[in-house]
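Q: One structure, as structure tokens, below. Some questions next.
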2 protein chains.
Amino acid sequence: MRSPDERRRSDRARTAILTATAEAVAELGYAKTSIEGIAARAGVGKQTIYRWWPSKGAVVLDALAVDQGDVEWPDTGDLAADLRLVLRATVAEFADETTSATLRALMIDMQQDAALSDQVHTRMLGPQLAATKRRLESAQRSGQVAPGIDLDVAVELVFGPIYHRWILRTHPFDEAYADALTELAIQALK
Amino acid sequence: MRSPDERRRSDRARTAILTATAEAVAELGYAKTSIEGIAARAGVGKQTIYRWWPSKGAVVLDALAVDQGDVEWPDTGDLAADLRLVLRATVAEFADETTSATLRALMIDMQQDAALSDQVHTRMLGPQLAATKRRLESAQRSGQVAPGIDLDVAVELVFGPIYHRWILRTHPFDEAYADALTELAIQALK
């Protein structure tokens with residue numbers, strides 16, 4: 001068993017590592033952030049980082065606090081209102097330059113790094129999509145989504161257009177866009 | 001003025017370069033294809049390639065014959081039928097491993113290479129999205145798409161879910177998926 005002193009030291013090191021990681025990613029972007037660089041900033045050895053995290057992707061995802069395991073949608077009983085809220089927030093997130101740059105770097109690296117891709121799916125994307133599906137199931141039960149609709153396709157109908165606009169940089173992100181998309185999606189799912 | 005002989009030599013060199021490029025991309029993928037490699041395969045000097053193409057992206061796009069400047073949608077007067085056809089073809093294209101791998105490599109490089117991104121937008125994506133918008137405009141005139149709908153948002157509602165599924169590798173691509181998406185999109189645009 002660890003002594004209280006050891007536990008405190010350990011907690012301090014973890015916090016230092018997460019802070020250093022967040023700073024490094026904000027300054028350098030994901031691609032240029034390295035375990036070595038994080039270790040140097042945090043004043044720990046590389047092996048201390050690897051004791052807790054298997055990869056750069058894992059510690060970055062922790063540092064970004066994107067561990068959205070218990071992400072939940074609002075459920076006011078009004079799907080259109082809840083969807084508008086979530087899409088406005090999502091669009092604002094993608095419109096934010098720092099968040100967008102980090103997500104873009106993660107997305108590029110995911111295409112070439114299967115372990116990172118797994119981490120992002122398990123800890124960020126999967127929970128988000130599952131929460132969306134749960135909200136649509138609830139709407140299907142209350143008659144706001146038609147019974148026959150495949151909810152996996154419906155989830156992508158909601159978020160796919162945002163990714164399209166973001167990745168391909170076709171048009172700007174604003175609230176009017178979030179609301180137009182909300183209206184089309186609600187109409188599609190009726 | 002060039003003599004007929006010069007023109008023939010020039011045409012032969014262009015053809016050799018385009019063939020070599022297509023072979024290199026199929027074998028190595030976009031990222032590992034280089035102007036040097038293309039020149040060696042084609043038996044020409046690098047400067048011959050740069051005489052006609054400003055970048056690797058430009059010659060690859062030519063070689064892949066993705067110059068879709070006059071891409072046009074079917075217009076049978078029945079939007080649902082035309083959309084089903086186009087979405088089935090699009091889904092089949094993304095499901096094809098070679099095409100998918102090339103597009104994936106292009107997409108990754110686009111995020112880091114503004115010149116390539118411009119080329120892909122100007123020559124591939126832009127014309128595709130514009131053709132989709134024209135078809136939706138025609139459907140709006142004939143009353144199959146509601147008058148108030150923003151067609152830029154509508155275009156992304158059609159293709160965004162496919163990109164989402166493809167980039168994030170969330171679910172398989174098949175005809176049932178194309179048809180489910182067609183149905184939701186048609187319902188959204190009514």
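Chains: A, B, ... in order of the structure tokens. Residues: from 1 per chain. Ligands: from 1, in order shown.
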What residues in chain A lie within 10 Å of chain B, counting only C-alpha atoms, written as a ChimeraX atom specification?
A: /A:104-105,107-112,117,120-121,125-126,129,149-150,152-165,167-171,177-178,180-181,183-190
Q: What lies within 8 Å of A:Gly29 using only C-alpha atoms, ignoring chain neighbours under 4 positions off, as a list in words?
A: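 Selected residues are Ala24, Val25, Thr33, Ala101, Thr102 and Ala105 of chain A.
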Q: Have a look at atom CA of B:Ala80 and atom CA of B:Pro172 and let me know their distance in Å, one decimal.
A: 22.5 Å
Q: For the structure I just gave you, how does DSSP split stretch 20-155 of chain B - specifically, which residues are helix (DSSP H, G or I)? Reply as JSON, numbers by chain.
A: {"B": [20, 21, 22, 23, 24, 25, 26, 27, 28, 35, 36, 37, 38, 39, 40, 41, 42, 46, 47, 48, 49, 50, 51, 52, 56, 57, 58, 59, 60, 61, 62, 63, 79, 80, 81, 82, 83, 84, 85, 86, 87, 88, 89, 90, 91, 92, 93, 94, 95, 97, 98, 99, 100, 101, 102, 103, 104, 105, 106, 107, 108, 109, 110, 111, 112, 114, 115, 116, 117, 118, 119, 120, 121, 122, 123, 124, 125, 126, 127, 128, 129, 130, 131, 132, 133, 134, 135, 136, 137, 138, 139, 140, 141, 151, 152, 153, 154, 155]}
Q: Can you tell me, as a list in words, what residues are no more than 8 Å from stretch 54-56 of chain B when counting only C-alpha atoms, ignoring any on the same chain fewer than 5 positions away?
A: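 The residues that qualify are Ser34, Ile35 and Leu116 of chain B.
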Q: With a distance cut-off of 8 Å and only C-alpha atoms, select the neighbouring residues of A:Lys46, excluding the residue or stretch itself and same-chain residues fewer than 4 positions from it, and output the selection as a list in words.
A: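 Final neighbour list, sorted by chain and number: Ile35, Glu36, Ala39 and Tyr50 of chain A.
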Q: So how many Å separate atom CA of A:Ala92 and atom CA of A:Asp174, to one decimal?
A: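 Separation of atom CA of A:Ala92 and atom CA of A:Asp174: 7.2 Å.
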Q: Could you tell me which of B:Ala31, B:Ala139, B:Leu85, B:Leu64 comes closest to B:Thr99 if we count only C-alpha atoms?
A: B:Leu64
Q: Mind checking which residues fall within 8 Å of A:Ala131, counting only C-alpha atoms, ignoring those fewer than 4 positions away in the same chain, and posting them as a list in words?
A: Val71, Glu72, Trp73, Pro127 and Arg135 of chain A
Q: The selected residues should be written to file as a compact mmCIF listing (two decimals), in the first residue's frame (atoms: all heavy atoms).
A:
```
# COMPACT_ATOMS: atom_id res chain seq x y z
N VAL A 71 -21.40 11.63 -20.84
CA VAL A 71 -22.05 12.72 -21.57
C VAL A 71 -23.54 12.37 -21.71
O VAL A 71 -23.91 11.22 -21.95
CB VAL A 71 -21.40 12.90 -22.95
CG1 VAL A 71 -21.61 11.71 -23.83
CG2 VAL A 71 -21.88 14.15 -23.64
N GLU A 72 -24.38 13.36 -21.49
CA GLU A 72 -25.82 13.09 -21.61
C GLU A 72 -26.50 14.27 -22.30
O GLU A 72 -26.10 15.42 -22.13
CB GLU A 72 -26.42 12.86 -20.21
CG GLU A 72 -27.67 11.99 -20.20
CD GLU A 72 -27.50 10.68 -21.01
OE1 GLU A 72 -26.77 9.78 -20.56
OE2 GLU A 72 -28.12 10.59 -22.08
N TRP A 73 -27.46 13.98 -23.14
CA TRP A 73 -28.23 15.05 -23.80
C TRP A 73 -29.26 15.60 -22.84
O TRP A 73 -29.76 14.88 -21.97
CB TRP A 73 -28.97 14.47 -25.00
CG TRP A 73 -28.21 14.53 -26.27
CD1 TRP A 73 -26.97 14.04 -26.50
CD2 TRP A 73 -28.67 15.09 -27.49
NE1 TRP A 73 -26.61 14.27 -27.80
CE2 TRP A 73 -27.64 14.92 -28.43
CE3 TRP A 73 -29.86 15.73 -27.89
CZ2 TRP A 73 -27.76 15.36 -29.75
CZ3 TRP A 73 -29.97 16.16 -29.20
CH2 TRP A 73 -28.93 15.98 -30.11
N PRO A 127 -19.15 7.62 -26.90
CA PRO A 127 -20.11 8.12 -25.91
C PRO A 127 -21.01 9.23 -26.45
O PRO A 127 -22.20 9.26 -26.15
CB PRO A 127 -19.21 8.65 -24.78
CG PRO A 127 -17.95 7.84 -24.91
CD PRO A 127 -17.77 7.59 -26.38
N ARG A 135 -31.06 9.79 -26.87
CA ARG A 135 -32.05 10.88 -26.91
C ARG A 135 -33.05 10.63 -28.04
O ARG A 135 -34.25 10.90 -27.89
CB ARG A 135 -31.32 12.21 -27.11
CG ARG A 135 -32.25 13.43 -27.16
CD ARG A 135 -32.98 13.62 -25.84
NE ARG A 135 -34.03 14.64 -25.89
CZ ARG A 135 -35.28 14.39 -26.26
NH1 ARG A 135 -35.66 13.16 -26.62
NH2 ARG A 135 -36.18 15.37 -26.27
```
